[in-house]
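Everything below concerns the one structure shown next.
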Protein chains: 2
Amino acid sequence: MTTVKQIILCGFGNVGQAFARLIAGKQDDLAARYALDLRLKAVVDIGGAAVADEAGLPAGRMTDFVEAGGAVETFETYGRPGLKALDLLAGADGAILVETTPTNLKDAEPARTHFLAAIENGVDIIAANKGPLVRDYRRILDRAREKGVRIRFSAATAAALPTLDVGQLCTAGARIEAIEGILNGTTNYILTRMAQERVHYGDALRDAQALGIAETDPTLDVEGLDTRNKIVVIANTLFELALDPDEVETVGITGVTPADMAAAREAGQVIKLIGSARMTANGPVVKVAPEALPADHPLAGVHLSEKGISYATDTMGRITVTGGHSSPTGAAAAMLKDIIHMVKLGI
Amino acid sequence: MTTVKQIILCGFGNVGQAFARLIAGKQDDLAARYALDLRLKAVVDIGGAAVADEAGLPAGRMTDFVEAGGAVETFETYGRPGLKALDLLAGADGAILVETTPTNLKDAEPARTHFLAAIENGVDIIAANKGPLVRDYRRILDRAREKGVRIRFSAATAAALPTLDVGQLCTAGARIEAIEGILNGTTNYILTRMAQERVHYGDALRDAQALGIAETDPTLDVEGLDTRNKIVVIANTLFELALDPDEVETVGITGVTPADMAAAREAGQVIKLIGSARMTANGPVVKVAPEALPADHPLAGVHLSEKGISYATDTMGRITVTGGHSSPTGAAAAMLKDIIHMVKLGI
């Protein structure tokens, strides 16, 4: 029997648009493989919303319209200027909120308000936005548990790289002793260029910016903050912690010199920006820092914009997963996967 | 609420013993993390069985007894000489069969008979034994589906390396376009030694045999048959095929020469034994052969006895997982994971 799920999509930037196109394009496949019928009930952006009629919301045409400069709230007969996420979440019990608004690491708004409204209204949450998870993890997860609402956030923890799946599903029954991750593609690109072409940090950064891999203000990436945010969410999830990201020792890559690179090379090592978490007798140790990995380390071969994460376990040994698109499509695919897990596996 | 599951363990060699010790050692952890209470109802080996009384079956003491040369059917008051798996499976509806008898690739017995009896009796199956899956995949899976019996077999498809989990769970919603795997630790060890130390195949094989990595008769590994069997089960599962392993083009590593290794090295490549499967317009193409991988291929850094598998998908890009213990404990941990997935996720 087919399960029908109504989707309220918040945020209609690159990731939101990719998600709308993805579920439209995969409709037949989802019906055949998973007996799943995902219906876009509404899309909310800054100026208002577009809301489905009985025949649904034409995702492809709406995405074309917005890509061409239109706003969702003025889209054909579906647009509702001024209509807000909270209006749509009220009474939406049983629907799924797909949260793709831009991540705000200061106060996590507007996603935090969306999360809390969804929880109070019995709406499950799929998040690409990591703001509320980084800033308010324990409170949100605990409240969701009380209300029987599920939250999954693969797309917020390295998109299509299945960081949490491997830590939760593939290693079920094993105890994770340590986690090491290359969780940021921009810094890994810069470090790879520095290692392979023996250029300075500043030159590699400029190249990355010219290619659109690094942003004009690269602080969040190069100071290790993005890596920190991801490892905090991963460690909070897998070790059931309530870490405050501001308390995590975080060193970025701006101080890595050609001399460091040369020394590592001579020692048969490679420098990577590692977000790590491990459980010790004195509690969890979580940090971010450039580390010189031996050549046979399973993350040593993760180059350029690729990412990877490695789990050391008690009974399964070490399991490492790498790859996964960092694109909007990759993030959208991670959210679709989360929906399938939520609906079909009950997690 | 805690779920209680009765386990009928068939085969009490290294993997069966590791499994018995594992579930005994993890008892508190399984209760706390998964609300799961696994009870060893019976252990069956060649000469008979040991059957639990009301207080259970003392797994640790029994494993010590067997390791010291005893037979399960003579263990204390629990032993039942001559009692067979079929006697125990009859009327065991709701229990789980854990199949760890030695793999027999000719007629797949006795595991095949155990599988079929379990299915008819409503007993779910967790398999380390790959015989029935290699020889009779479609018939067994189809019959299990008809009877509502679940079968999971992570341990038969590279033990603790989560080959099927990544292909089924981590990539849910994506379409797998191609699969490439290093699925046999012995051949990867030999090829790694040949590449790194520039020794001949025969010398590397002898070293592997001296270390206990290769068997006295290494045919199954070095002729690519073990890799073939695993890729056939993986492809049958993920692409819903009914491949006959005898029809899969299979080339092992016995013909790989130092000249091949040198040529690959000069081209910046590395030779690995790859089991691959991809869907084409003309149907599935599944084969096993030594392949020269470029240095930046995600499996190029998988060395010695390590294994790995890489999935190319439509929406998530390429996702690669490596590692996982190949030991009896690793296989036992994979079976425990399968039980958790079966009971908690309903798969």
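Going through the structure tokens in order, the chains are called A, B, and so on, while each chain numbers its residues from 1 and the ligands are numbered from 1 in the order shown.
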
Sort by chain and increasing residue number a table of all residues of chain A within 6 Å of chain B, each with its closest pair of atoms and their distance in Å to one decimal, counting only C-alpha atoms, and write it as CSV.
residue,atom,partner,partner_atom,distance
A:Ala160,CA,B:Met316,CA,5.4
A:Pro162,CA,B:Cys170,CA,5.9
A:Cys170,CA,B:Pro162,CA,5.9
A:Ala172,CA,B:Lys337,CA,5.1
A:Gly173,CA,B:Lys337,CA,5.6
A:Thr315,CA,B:Gly330,CA,6.0
A:Met316,CA,B:Gly330,CA,4.9
A:Gly317,CA,B:His325,CA,4.9
A:Arg318,CA,B:Gly324,CA,5.4
A:Ile319,CA,B:Gly323,CA,4.7
A:Thr320,CA,B:Thr322,CA,5.2
A:Val321,CA,B:Val321,CA,4.2
A:Thr322,CA,B:Thr320,CA,5.2
A:Gly323,CA,B:Ile319,CA,4.7
A:Gly324,CA,B:Gly317,CA,5.1
A:His325,CA,B:Gly317,CA,4.9
A:Gly330,CA,B:Met316,CA,4.9
A:Lys337,CA,B:Ala172,CA,5.1
A:Leu345,CA,B:Leu345,CA,4.9

Enumerate as number ranges by chain all residues of segment 44-172 of chain A assigned to alpha helix (DSSP H) by DSSP on the backbone, naming them with the chain letters and numbers the document uses.
A: 59-67, 85-89, 111-120, 131-147, 163-165

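Using only C-alpha atoms, the protein and nucleic acid residues lying no more than 12 Å from Leu220 of chain A, apart from those fewer than 5 places from it along its own chain, are Thr103, Asn104, Leu105, Asn184, Thr186, Thr187, Ala214, Glu215, Leu225, Asp226, Thr227, Arg228, Asn229, Lys230, Thr250, Val251, Gly252, Ile253 and Thr254 of chain A.
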
Could you check which of B:Ile119, B:Val98, B:Ala242, B:Ile151 is closest to Arg135 of chain B, using only C-alpha atoms?
B:Ala242

If you run DSSP on the backbone, which residues of segment 111-228 of chain A are strand (DSSP E), as a ChimeraX atom specification?
/A:124-127,151-152,176-182

Using only N, CA and C atoms, please write the residues we just selected to a file, as a PDB file, in the first residue's frame.
ATOM      1  N   ASP A 124       6.972  15.987  11.396  1.00  0.00           N
ATOM      2  CA  ASP A 124       8.346  15.480  11.377  1.00  0.00           C
ATOM      3  C   ASP A 124       9.244  16.436  10.596  1.00  0.00           C
ATOM      4  N   ILE A 125      10.543  16.393  10.889  1.00  0.00           N
ATOM      5  CA  ILE A 125      11.473  17.371  10.322  1.00  0.00           C
ATOM      6  C   ILE A 125      12.624  16.688   9.585  1.00  0.00           C
ATOM      7  N   ILE A 126      12.883  17.169   8.380  1.00  0.00           N
ATOM      8  CA  ILE A 126      14.069  16.805   7.610  1.00  0.00           C
ATOM      9  C   ILE A 126      14.837  18.108   7.405  1.00  0.00           C
ATOM     10  N   ALA A 127      16.097  18.151   7.836  1.00  0.00           N
ATOM     11  CA  ALA A 127      16.811  19.425   7.813  1.00  0.00           C
ATOM     12  C   ALA A 127      18.090  19.387   6.989  1.00  0.00           C
ATOM     13  N   ILE A 151      13.240  13.735  13.768  1.00  0.00           N
ATOM     14  CA  ILE A 151      14.093  14.711  13.078  1.00  0.00           C
ATOM     15  C   ILE A 151      15.250  13.955  12.459  1.00  0.00           C
ATOM     16  N   ARG A 152      15.474  14.154  11.178  1.00  0.00           N
ATOM     17  CA  ARG A 152      16.661  13.575  10.541  1.00  0.00           C
ATOM     18  C   ARG A 152      17.376  14.693   9.788  1.00  0.00           C
ATOM     19  N   ILE A 176      31.024   2.730  19.026  1.00  0.00           N
ATOM     20  CA  ILE A 176      31.952   3.630  18.344  1.00  0.00           C
ATOM     21  C   ILE A 176      32.910   4.199  19.370  1.00  0.00           C
ATOM     22  N   GLU A 177      34.191   4.004  19.126  1.00  0.00           N
ATOM     23  CA  GLU A 177      35.197   4.473  20.084  1.00  0.00           C
ATOM     24  C   GLU A 177      35.780   5.814  19.668  1.00  0.00           C
ATOM     25  N   ALA A 178      35.883   6.026  18.367  1.00  0.00           N
ATOM     26  CA  ALA A 178      36.449   7.288  17.884  1.00  0.00           C
ATOM     27  C   ALA A 178      35.918   7.605  16.502  1.00  0.00           C
ATOM     28  N   ILE A 179      35.793   8.889  16.231  1.00  0.00           N
ATOM     29  CA  ILE A 179      35.315   9.382  14.935  1.00  0.00           C
ATOM     30  C   ILE A 179      36.347  10.376  14.425  1.00  0.00           C
ATOM     31  N   GLU A 180      36.728  10.247  13.162  1.00  0.00           N
ATOM     32  CA  GLU A 180      37.586  11.251  12.522  1.00  0.00           C
ATOM     33  C   GLU A 180      36.960  11.590  11.180  1.00  0.00           C
ATOM     34  N   GLY A 181      36.836  12.888  10.875  1.00  0.00           N
ATOM     35  CA  GLY A 181      36.215  13.229   9.615  1.00  0.00           C
ATOM     36  C   GLY A 181      36.920  14.360   8.881  1.00  0.00           C
ATOM     37  N   ILE A 182      36.969  14.232   7.561  1.00  0.00           N
ATOM     38  CA  ILE A 182      37.257  15.371   6.688  1.00  0.00           C
ATOM     39  C   ILE A 182      35.884  15.840   6.233  1.00  0.00           C
TER      40      ILE A 182
END

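For the choices A:Val43, A:Ala118, A:Ala59, A:Val288, the atom-to-atom distance to Pro81 of chain A is smallest for A:Val43 when using only C-alpha atoms.
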
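The space between atom CA of Gly185 of chain B and atom CA of Gly255 of chain B spans 17.9 Å.
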
Pick out the closest residue to Leu9 of chain B from this set: B:Ala292, B:Val44, B:Val270, B:Met342. Count only C-alpha atoms.
B:Val44

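Straight-line separation from atom CA of Tyr189 of chain B to atom CA of Ser305 of chain B: 4.9 Å.
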
Using only C-alpha atoms, which residues sit within 9 Å of Cys10 of chain A once same-chain residues fewer than 2 positions away are excluded, as a list of chain:residue names?
A:Ile8, A:Phe12, A:Gly16, A:Ala42, A:Val43, A:Val44, A:Asp45, A:Ala49, A:Ala85, A:Leu97, A:Val98, A:Glu99, A:Thr100, A:Thr101, A:Ala111, A:His114

For the residues in the current selection, export N, CA and C atoms as a PDB file, in the first residue's frame.
ATOM      1  N   ILE A   8       6.037  20.182   3.453  1.00  0.00           N
ATOM      2  CA  ILE A   8       6.102  21.645   3.524  1.00  0.00           C
ATOM      3  C   ILE A   8       7.574  22.009   3.403  1.00  0.00           C
ATOM      4  N   PHE A  12      13.712  28.282  -0.564  1.00  0.00           N
ATOM      5  CA  PHE A  12      13.666  27.851  -1.966  1.00  0.00           C
ATOM      6  C   PHE A  12      14.870  28.408  -2.719  1.00  0.00           C
ATOM      7  N   GLY A  16      16.637  23.933  -1.892  1.00  0.00           N
ATOM      8  CA  GLY A  16      15.185  23.768  -1.955  1.00  0.00           C
ATOM      9  C   GLY A  16      14.718  23.480  -3.379  1.00  0.00           C
ATOM     10  N   ALA A  42       3.316  22.756   0.081  1.00  0.00           N
ATOM     11  CA  ALA A  42       3.589  24.194   0.033  1.00  0.00           C
ATOM     12  C   ALA A  42       5.093  24.435   0.000  1.00  0.00           C
ATOM     13  N   VAL A  43       5.469  25.543  -0.629  1.00  0.00           N
ATOM     14  CA  VAL A  43       6.852  26.002  -0.608  1.00  0.00           C
ATOM     15  C   VAL A  43       6.840  27.404  -0.019  1.00  0.00           C
ATOM     16  N   VAL A  44       7.671  27.622   0.996  1.00  0.00           N
ATOM     17  CA  VAL A  44       7.704  28.920   1.668  1.00  0.00           C
ATOM     18  C   VAL A  44       9.059  29.569   1.440  1.00  0.00           C
ATOM     19  N   ASP A  45       9.049  30.834   1.052  1.00  0.00           N
ATOM     20  CA  ASP A  45      10.303  31.580   0.940  1.00  0.00           C
ATOM     21  C   ASP A  45      10.126  32.918   1.665  1.00  0.00           C
ATOM     22  N   ALA A  49       4.434  32.286   0.224  1.00  0.00           N
ATOM     23  CA  ALA A  49       4.433  30.859  -0.082  1.00  0.00           C
ATOM     24  C   ALA A  49       3.730  30.585  -1.404  1.00  0.00           C
ATOM     25  N   ALA A  85       5.622  30.230   7.158  1.00  0.00           N
ATOM     26  CA  ALA A  85       5.781  28.823   7.545  1.00  0.00           C
ATOM     27  C   ALA A  85       4.885  28.480   8.729  1.00  0.00           C
ATOM     28  N   LEU A  97       8.154  18.621   7.461  1.00  0.00           N
ATOM     29  CA  LEU A  97       8.823  19.895   7.175  1.00  0.00           C
ATOM     30  C   LEU A  97      10.195  19.590   6.587  1.00  0.00           C
ATOM     31  N   VAL A  98      10.477  20.145   5.411  1.00  0.00           N
ATOM     32  CA  VAL A  98      11.814  20.037   4.822  1.00  0.00           C
ATOM     33  C   VAL A  98      12.443  21.420   4.928  1.00  0.00           C
ATOM     34  N   GLU A  99      13.441  21.561   5.794  1.00  0.00           N
ATOM     35  CA  GLU A  99      13.987  22.862   6.158  1.00  0.00           C
ATOM     36  C   GLU A  99      15.283  23.143   5.383  1.00  0.00           C
ATOM     37  N   THR A 100      15.201  24.077   4.424  1.00  0.00           N
ATOM     38  CA  THR A 100      16.374  24.415   3.615  1.00  0.00           C
ATOM     39  C   THR A 100      16.648  25.914   3.608  1.00  0.00           C
ATOM     40  N   THR A 101      16.146  26.637   4.612  1.00  0.00           N
ATOM     41  CA  THR A 101      16.483  28.074   4.673  1.00  0.00           C
ATOM     42  C   THR A 101      17.979  28.210   4.937  1.00  0.00           C
ATOM     43  N   ALA A 111      15.061  29.131  11.084  1.00  0.00           N
ATOM     44  CA  ALA A 111      14.853  27.673  11.129  1.00  0.00           C
ATOM     45  C   ALA A 111      14.460  27.200  12.521  1.00  0.00           C
ATOM     46  N   HIS A 114      10.904  27.511  13.023  1.00  0.00           N
ATOM     47  CA  HIS A 114      10.219  26.501  12.202  1.00  0.00           C
ATOM     48  C   HIS A 114      10.279  25.125  12.873  1.00  0.00           C
TER      49      HIS A 114
END

Spatial neighbours of Glu240 of chain A, max dist 12 Å, only C-alpha atoms, sep filter under 2 positions, as number ranges by chain
A: 137-138, 141-142, 168, 176, 232-238, 242-243, 279, 283-284; B: 33

Can you write just those residues out, N, CA, C and O atoms, as a PDB file, in the first residue's frame?
ATOM      1  N   TYR A 137      20.903  21.848  20.066  1.00  0.00           N
ATOM      2  CA  TYR A 137      20.686  20.441  19.741  1.00  0.00           C
ATOM      3  C   TYR A 137      19.842  19.693  20.769  1.00  0.00           C
ATOM      4  O   TYR A 137      18.820  19.100  20.455  1.00  0.00           O
ATOM      5  N   ARG A 138      20.312  19.736  22.028  1.00  0.00           N
ATOM      6  CA  ARG A 138      19.696  18.877  23.045  1.00  0.00           C
ATOM      7  C   ARG A 138      18.228  19.256  23.293  1.00  0.00           C
ATOM      8  O   ARG A 138      17.354  18.403  23.395  1.00  0.00           O
ATOM      9  N   LEU A 141      16.100  18.147  20.236  1.00  0.00           N
ATOM     10  CA  LEU A 141      15.936  16.690  20.140  1.00  0.00           C
ATOM     11  C   LEU A 141      15.088  16.153  21.296  1.00  0.00           C
ATOM     12  O   LEU A 141      14.245  15.271  21.103  1.00  0.00           O
ATOM     13  N   ASP A 142      15.307  16.687  22.495  1.00  0.00           N
ATOM     14  CA  ASP A 142      14.537  16.208  23.649  1.00  0.00           C
ATOM     15  C   ASP A 142      13.053  16.554  23.507  1.00  0.00           C
ATOM     16  O   ASP A 142      12.179  15.726  23.793  1.00  0.00           O
ATOM     17  N   GLN A 168      25.088   5.229  12.679  1.00  0.00           N
ATOM     18  CA  GLN A 168      23.883   4.734  13.354  1.00  0.00           C
ATOM     19  C   GLN A 168      23.430   3.374  12.842  1.00  0.00           C
ATOM     20  O   GLN A 168      23.009   2.530  13.615  1.00  0.00           O
ATOM     21  N   ILE A 176      31.024   2.730  19.026  1.00  0.00           N
ATOM     22  CA  ILE A 176      31.952   3.630  18.344  1.00  0.00           C
ATOM     23  C   ILE A 176      32.910   4.199  19.370  1.00  0.00           C
ATOM     24  O   ILE A 176      32.492   4.786  20.368  1.00  0.00           O
ATOM     25  N   VAL A 232      30.267  18.502  15.840  1.00  0.00           N
ATOM     26  CA  VAL A 232      29.451  18.674  17.054  1.00  0.00           C
ATOM     27  C   VAL A 232      28.090  17.994  16.882  1.00  0.00           C
ATOM     28  O   VAL A 232      27.622  17.272  17.774  1.00  0.00           O
ATOM     29  N   VAL A 233      27.458  18.186  15.736  1.00  0.00           N
ATOM     30  CA  VAL A 233      26.152  17.556  15.517  1.00  0.00           C
ATOM     31  C   VAL A 233      26.302  16.032  15.450  1.00  0.00           C
ATOM     32  O   VAL A 233      25.504  15.280  16.035  1.00  0.00           O
ATOM     33  N   ILE A 234      27.354  15.572  14.786  1.00  0.00           N
ATOM     34  CA  ILE A 234      27.585  14.125  14.683  1.00  0.00           C
ATOM     35  C   ILE A 234      27.868  13.528  16.068  1.00  0.00           C
ATOM     36  O   ILE A 234      27.291  12.494  16.442  1.00  0.00           O
ATOM     37  N   ALA A 235      28.739  14.183  16.835  1.00  0.00           N
ATOM     38  CA  ALA A 235      29.081  13.654  18.168  1.00  0.00           C
ATOM     39  C   ALA A 235      27.878  13.731  19.100  1.00  0.00           C
ATOM     40  O   ALA A 235      27.617  12.795  19.865  1.00  0.00           O
ATOM     41  N   ASN A 236      27.130  14.815  19.053  1.00  0.00           N
ATOM     42  CA  ASN A 236      25.925  14.918  19.888  1.00  0.00           C
ATOM     43  C   ASN A 236      24.949  13.786  19.568  1.00  0.00           C
ATOM     44  O   ASN A 236      24.328  13.216  20.457  1.00  0.00           O
ATOM     45  N   THR A 237      24.836  13.458  18.286  1.00  0.00           N
ATOM     46  CA  THR A 237      23.904  12.413  17.873  1.00  0.00           C
ATOM     47  C   THR A 237      24.391  11.027  18.285  1.00  0.00           C
ATOM     48  O   THR A 237      23.663  10.253  18.896  1.00  0.00           O
ATOM     49  N   LEU A 238      25.645  10.717  17.951  1.00  0.00           N
ATOM     50  CA  LEU A 238      26.114   9.344  18.131  1.00  0.00           C
ATOM     51  C   LEU A 238      26.531   9.049  19.562  1.00  0.00           C
ATOM     52  O   LEU A 238      26.442   7.906  20.007  1.00  0.00           O
ATOM     53  N   ALA A 242      25.570  16.914  24.684  1.00  0.00           N
ATOM     54  CA  ALA A 242      24.935  18.235  24.557  1.00  0.00           C
ATOM     55  C   ALA A 242      26.047  19.266  24.442  1.00  0.00           C
ATOM     56  O   ALA A 242      26.085  20.255  25.158  1.00  0.00           O
ATOM     57  N   LEU A 243      26.980  19.024  23.519  1.00  0.00           N
ATOM     58  CA  LEU A 243      28.140  19.902  23.373  1.00  0.00           C
ATOM     59  C   LEU A 243      27.748  21.289  22.898  1.00  0.00           C
ATOM     60  O   LEU A 243      26.923  21.431  21.995  1.00  0.00           O
ATOM     61  N   MET A 279      35.430   8.958  22.857  1.00  0.00           N
ATOM     62  CA  MET A 279      35.019   8.804  24.245  1.00  0.00           C
ATOM     63  C   MET A 279      36.230   8.337  25.030  1.00  0.00           C
ATOM     64  O   MET A 279      36.898   7.388  24.642  1.00  0.00           O
ATOM     65  N   GLY A 283      35.450  11.369  29.747  1.00  0.00           N
ATOM     66  CA  GLY A 283      34.372  11.985  28.981  1.00  0.00           C
ATOM     67  C   GLY A 283      34.778  12.198  27.535  1.00  0.00           C
ATOM     68  O   GLY A 283      35.861  11.778  27.109  1.00  0.00           O
ATOM     69  N   PRO A 284      33.920  12.860  26.771  1.00  0.00           N
ATOM     70  CA  PRO A 284      34.168  13.026  25.347  1.00  0.00           C
ATOM     71  C   PRO A 284      35.261  14.065  25.066  1.00  0.00           C
ATOM     72  O   PRO A 284      35.362  15.064  25.781  1.00  0.00           O
TER      73      PRO A 284
ATOM     74  N   ARG B  33      20.512   0.058  24.657  1.00  0.00           N
ATOM     75  CA  ARG B  33      20.491   0.853  23.432  1.00  0.00           C
ATOM     76  C   ARG B  33      19.356   0.489  22.495  1.00  0.00           C
ATOM     77  O   ARG B  33      18.875   1.330  21.736  1.00  0.00           O
TER      78      ARG B  33
END

For atom CA of Gly11 of chain A and atom CA of Ala144 of chain A, quote the distance in Å rounded to one decimal.
21.4 Å

Find the residues around Lys147 of chain B up to 9 Å (only C-alpha atoms counted), leave out those fewer than 6 positions away in its own chain, and share them as number ranges by chain.
B: 119-122
